[in-house]
file my_file17.pdb (PDB, C-alpha atoms)
MODEL        1
ATOM      1  CA  MET A   1       1.215  76.598 128.241
ATOM      2  CA  GLU A   2       4.291  74.891 129.368
ATOM      3  CA  SER A   3       5.085  77.573 131.995
ATOM      4  CA  LEU A   4       1.636  77.223 133.575
ATOM      5  CA  ASN A   5       2.095  73.536 134.163
ATOM      6  CA  SER A   6       5.617  74.016 135.582
ATOM      7  CA  GLU A   7       5.831  73.445 139.300
ATOM      8  CA  LYS A   8       8.914  75.642 139.725
ATOM      9  CA  GLY A   9       8.305  78.496 142.151
ATOM     10  CA  VAL A  10       9.757  80.509 144.967
ATOM     11  CA  THR A  11      10.600  78.572 148.085
ATOM     12  CA  LEU A  12       9.865  79.721 151.593
ATOM     13  CA  VAL A  13      13.599  80.123 152.286
ATOM     14  CA  GLU A  14      13.979  82.480 149.309
ATOM     15  CA  ILE A  15      11.056  84.602 150.521
ATOM     16  CA  LEU A  16      12.500  84.819 154.040
ATOM     17  CA  VAL A  17      15.942  85.805 152.722
ATOM     18  CA  SER A  18      14.464  88.530 150.512
ATOM     19  CA  ILE A  19      12.334  89.914 153.391
ATOM     20  CA  THR A  20      15.381  89.920 155.670
ATOM     21  CA  LEU A  21      17.507  91.800 153.135
ATOM     22  CA  LEU A  22      14.742  94.286 152.474
ATOM     23  CA  SER A  23      14.318  94.855 156.227
ATOM     24  CA  VAL A  24      18.033  95.520 156.723
ATOM     25  CA  VAL A  25      18.043  98.067 153.895
ATOM     26  CA  LEU A  26      14.909  99.837 155.191
ATOM     27  CA  ILE A  27      16.154  99.961 158.788
ATOM     28  CA  THR A  28      19.436 101.480 157.606
ATOM     29  CA  PHE A  29      17.616 104.218 155.702
ATOM     30  CA  MET A  30      15.174 104.853 158.534
ATOM     31  CA  SER A  31      18.018 105.447 161.013
ATOM     32  CA  ILE A  32      19.403 108.210 158.782
ATOM     33  CA  PHE A  33      16.279 110.425 158.951
ATOM     34  CA  PRO A  34      16.371 111.318 162.676
ATOM     35  CA  GLN A  35      20.074 112.112 162.363
ATOM     36  CA  MET A  36      19.379 114.419 159.411
ATOM     37  CA  GLY A  37      16.668 116.180 161.422
ATOM     38  CA  LYS A  38      19.063 116.756 164.305
ATOM     39  CA  VAL A  39      21.746 118.173 162.002
ATOM     40  CA  ASN A  40      19.164 120.444 160.338
ATOM     41  CA  ASN A  41      18.076 121.787 163.743
ATOM     42  CA  LEU A  42      21.684 122.484 164.733
ATOM     43  CA  ASN A  43      22.341 124.273 161.443
ATOM     44  CA  GLU A  44      19.191 126.345 161.811
ATOM     45  CA  ASP A  45      20.163 127.284 165.376
ATOM     46  CA  LYS A  46      23.665 128.281 164.263
ATOM     47  CA  ALA A  47      22.336 130.361 161.347
ATOM     48  CA  GLN A  48      19.910 132.179 163.655
ATOM     49  CA  ALA A  49      22.677 132.878 166.188
ATOM     50  CA  THR A  50      25.002 134.138 163.460
ATOM     51  CA  ASN A  51      22.349 136.551 162.198
ATOM     52  CA  ILE A  52      21.714 137.838 165.732
ATOM     53  CA  ALA A  53      25.452 138.315 166.348
ATOM     54  CA  LYS A  54      25.836 140.272 163.098
ATOM     55  CA  GLU A  55      22.794 142.383 163.954
ATOM     56  CA  ILE A  56      24.251 143.216 167.380
ATOM     57  CA  LEU A  57      27.589 144.094 165.783
ATOM     58  CA  ILE A  58      25.930 146.471 163.311
ATOM     59  CA  ASN A  59      23.850 148.071 166.086
ATOM     60  CA  TRP A  60      26.964 148.644 168.199
ATOM     61  CA  GLN A  61      28.922 150.041 165.256
ATOM     62  CA  ASP A  62      26.134 152.526 164.466
ATOM     63  CA  SER A  63      25.374 153.490 168.082
ATOM     64  CA  THR A  64      26.251 156.995 169.213
ATOM     65  CA  ASP A  65      25.880 155.746 172.800
ATOM     66  CA  VAL A  66      28.749 153.328 172.273
ATOM     67  CA  GLN A  67      30.871 156.086 170.740
ATOM     68  CA  THR A  68      30.083 158.363 173.690
ATOM     69  CA  PHE A  69      30.954 155.574 176.110
ATOM     70  CA  LEU A  70      34.292 154.900 174.410
ATOM     71  CA  LYS A  71      35.195 158.587 174.342
ATOM     72  CA  SER A  72      34.347 159.054 178.011
ATOM     73  CA  SER A  73      35.981 155.803 179.100
ATOM     74  CA  THR A  74      39.323 156.740 177.540
ATOM     75  CA  GLN A  75      39.401 159.791 179.794
ATOM     76  CA  THR A  76      39.021 157.732 182.973
ATOM     77  CA  SER A  77      41.642 155.731 184.789
ATOM     78  CA  GLY A  78      40.605 152.456 183.172
ATOM     79  CA  PHE A  79      37.622 151.640 185.377
ATOM     80  CA  LEU A  80      34.210 151.233 183.849
ATOM     81  CA  PRO A  81      32.290 154.523 184.081
ATOM     82  CA  LYS A  82      29.292 154.360 186.407
ATOM     83  CA  HIS A  83      26.874 155.883 183.859
ATOM     84  CA  VAL A  84      27.363 153.178 181.251
ATOM     85  CA  ASN A  85      24.143 151.326 182.143
ATOM     86  CA  ASN A  86      22.098 154.467 181.624
ATOM     87  CA  TYR A  87      22.465 154.427 177.858
ATOM     88  CA  LEU A  88      23.853 151.073 176.740
ATOM     89  CA  HIS A  89      21.190 148.983 178.536
ATOM     90  CA  TYR A  90      23.528 146.037 179.056
ATOM     91  CA  THR A  91      24.769 144.417 182.220
ATOM     92  CA  THR A  92      28.390 145.400 182.465
ATOM     93  CA  PHE A  93      31.315 144.087 184.338
ATOM     94  CA  ASP A  94      34.952 144.998 184.414
ATOM     95  CA  PRO A  95      37.042 142.101 185.753
ATOM     96  CA  ASP A  96      39.809 144.398 186.917
ATOM     97  CA  GLU A  97      41.459 147.684 186.156
ATOM     98  CA  PHE A  98      44.141 145.995 184.060
ATOM     99  CA  SER A  99      41.840 144.038 181.759
ATOM    100  CA  GLU A 100      42.203 144.726 178.042
ATOM    101  CA  TYR A 101      38.439 144.688 177.439
ATOM    102  CA  TYR A 102      35.180 146.135 178.671
ATOM    103  CA  TYR A 103      32.638 143.339 179.057
ATOM    104  CA  PHE A 104      28.900 143.575 178.470
ATOM    105  CA  GLU A 105      26.274 140.865 178.892
ATOM    106  CA  THR A 106      22.656 140.530 177.932
ATOM    107  CA  THR A 107      20.221 137.983 176.570
ATOM    108  CA  GLN A 108      18.608 138.083 173.171
ATOM    109  CA  ASP A 109      16.021 135.557 172.084
ATOM    110  CA  LYS A 110      17.214 132.296 173.618
ATOM    111  CA  TYR A 111      20.911 133.196 173.704
ATOM    112  CA  ASP A 112      23.193 134.685 176.331
ATOM    113  CA  VAL A 113      25.241 137.406 174.666
ATOM    114  CA  GLN A 114      28.724 138.471 175.737
ATOM    115  CA  ILE A 115      30.270 141.545 174.149
ATOM    116  CA  LYS A 116      33.912 142.482 174.628
ATOM    117  CA  VAL A 117      35.157 145.879 173.527
ATOM    118  CA  LYS A 118      38.886 146.459 173.591
ATOM    119  CA  LYS A 119      39.778 149.404 175.806
ATOM    120  CA  ALA A 120      42.748 150.537 173.753
ATOM    121  CA  ALA A 121      41.986 151.774 170.263
ATOM    122  CA  ASN A 122      43.809 150.389 167.269
ATOM    123  CA  ASN A 123      45.835 153.420 166.269
ATOM    124  CA  SER A 124      47.178 152.008 163.017
ATOM    125  CA  SER A 125      44.765 154.295 161.191
ATOM    126  CA  LYS A 126      45.533 157.942 161.894
ATOM    127  CA  SER A 127      42.105 159.211 160.828
ATOM    128  CA  SER A 128      39.976 157.205 163.246
ATOM    129  CA  HIS A 129      40.263 155.319 166.480
ATOM    130  CA  LEU A 130      38.872 151.818 166.145
ATOM    131  CA  HIS A 131      38.136 149.545 169.095
ATOM    132  CA  GLN A 132      37.947 145.813 168.449
ATOM    133  CA  ILE A 133      34.608 144.242 169.409
ATOM    134  CA  VAL A 134      33.988 140.529 169.938
ATOM    135  CA  ILE A 135      30.432 139.201 170.193
ATOM    136  CA  LYS A 136      29.739 135.670 171.431
ATOM    137  CA  LEU A 137      26.370 133.963 171.688
ATOM    138  CA  PHE A 138      25.940 131.052 174.083
ATOM    139  CA  ASN A 139      23.162 128.469 174.163
ATOM    140  CA  ASP A 140      21.423 127.286 177.349
ATOM    141  CA  LYS A 141      24.184 124.710 177.920
ATOM    142  CA  GLY A 142      26.870 127.402 177.927
ATOM    143  CA  ASN A 143      28.360 126.414 174.574
ATOM    144  CA  VAL A 144      29.375 129.073 172.056
ATOM    145  CA  VAL A 145      26.909 128.952 169.172
ATOM    146  CA  SER A 146      28.220 131.925 167.220
ATOM    147  CA  GLU A 147      31.077 134.384 167.435
ATOM    148  CA  THR A 148      31.821 137.442 165.339
ATOM    149  CA  TYR A 149      34.404 140.209 165.330
ATOM    150  CA  GLY A 150      34.479 143.767 164.169
ATOM    151  CA  TYR A 151      35.511 147.308 165.039
ATOM    152  CA  VAL A 152      33.672 150.192 166.674
ATOM    153  CA  LYS A 153      34.649 153.736 165.770
ATOM    154  CA  ARG A 154      35.205 156.098 168.653
TER     155      ARG A 154
ENDMDL
END
call {"tool": "encode", "arguments": {"input": "my_file17.pdb", "output": "structure tokens"}}
result
Amino acid sequence: MESLNSEKGVTLVEILVSITLLSVVLITFMSIFPQMGKVNNLNEDKAQATNIAKEILINWQDSTDVQTFLKSSTQTSGFLPKHVNNYLHYTTFDPDEFSEYYYFETTQDKYDVQIKVKKAANNSSKSSHLHQIVIKLFNDKGNVVSETYGYVKR
């Protein structure tokens, strides 16, 4: 009964201090959530771009059209053959005759895709001629989202 008759209690200052501390802690945690959402979106975008780049690489490695293009292009003087658009279905450009790479561009999903295929084959392997391929995916701001490398057999 003694505690019921006691007039000790919580003062207004103590309540205000506790509310202030609780508010600071909650505001700190609440500012983390939007940042986590932004990072999750960036990671999802990067994962999607990486999967698309790998898919393009596999398609190019398995394509007989690419092999035909590489075989016919090694017989020319270094310029991009005129018939390349007929079967590769990519916008092509060849910066100059002395460039090391053939360049191809397209769009897939929401990405701009740039594909570079090295003109000269890597002749370290005697049994096959391998051309290095570099695939880059760019977002709408022009930043590289994903990049992958591989080899295409001629």
call {"tool": "residues_near_point", "arguments": {"input": "my_file17.pdb", "point": "(26.6, 133.7, 175.8)", "cutoff": "9 Å", "atoms": "only C-alpha atoms", "output": "ChimeraX atom specification"}}
result
/A:105-107,111-115,135-140,142-146
call {"tool": "write_last_selection", "arguments": {"input": "my_file17.pdb", "atoms": "C-alpha atoms", "output": "CSV table (one decimal), keeping the file's coordinate frame"}}
result
chain,number,residue,atom,x,y,z
A,105,GLU,CA,26.3,140.9,178.9
A,106,THR,CA,22.7,140.5,177.9
A,107,THR,CA,20.2,138.0,176.6
A,111,TYR,CA,20.9,133.2,173.7
A,112,ASP,CA,23.2,134.7,176.3
A,113,VAL,CA,25.2,137.4,174.7
A,114,GLN,CA,28.7,138.5,175.7
A,115,ILE,CA,30.3,141.5,174.1
A,135,ILE,CA,30.4,139.2,170.2
A,136,LYS,CA,29.7,135.7,171.4
A,137,LEU,CA,26.4,134.0,171.7
A,138,PHE,CA,25.9,131.1,174.1
A,139,ASN,CA,23.2,128.5,174.2
A,140,ASP,CA,21.4,127.3,177.3
A,142,GLY,CA,26.9,127.4,177.9
A,143,ASN,CA,28.4,126.4,174.6
A,144,VAL,CA,29.4,129.1,172.1
A,145,VAL,CA,26.9,129.0,169.2
A,146,SER,CA,28.2,131.9,167.2
call {"tool": "resolve_selection", "arguments": {"input": "my_file17.pdb", "expression": "the PyMOL selection byres ((chain A and resi 118) around 6)", "output": "list in words"}}
result
Glu100, Tyr101, Val117, Lys119, Ala120, His131 and Gln132 of chain A
call {"tool": "atom_distance", "arguments": {"input": "my_file17.pdb", "atom1": "CA of Asp62 in chain A", "atom2": "CA of Lys153 in chain A"}}
result
8.7 Å
call {"tool": "atom_distance", "arguments": {"input": "my_file17.pdb", "atom1": "CA of Leu70 in chain A", "atom2": "CA of Ile133 in chain A"}}
result
11.8 Å
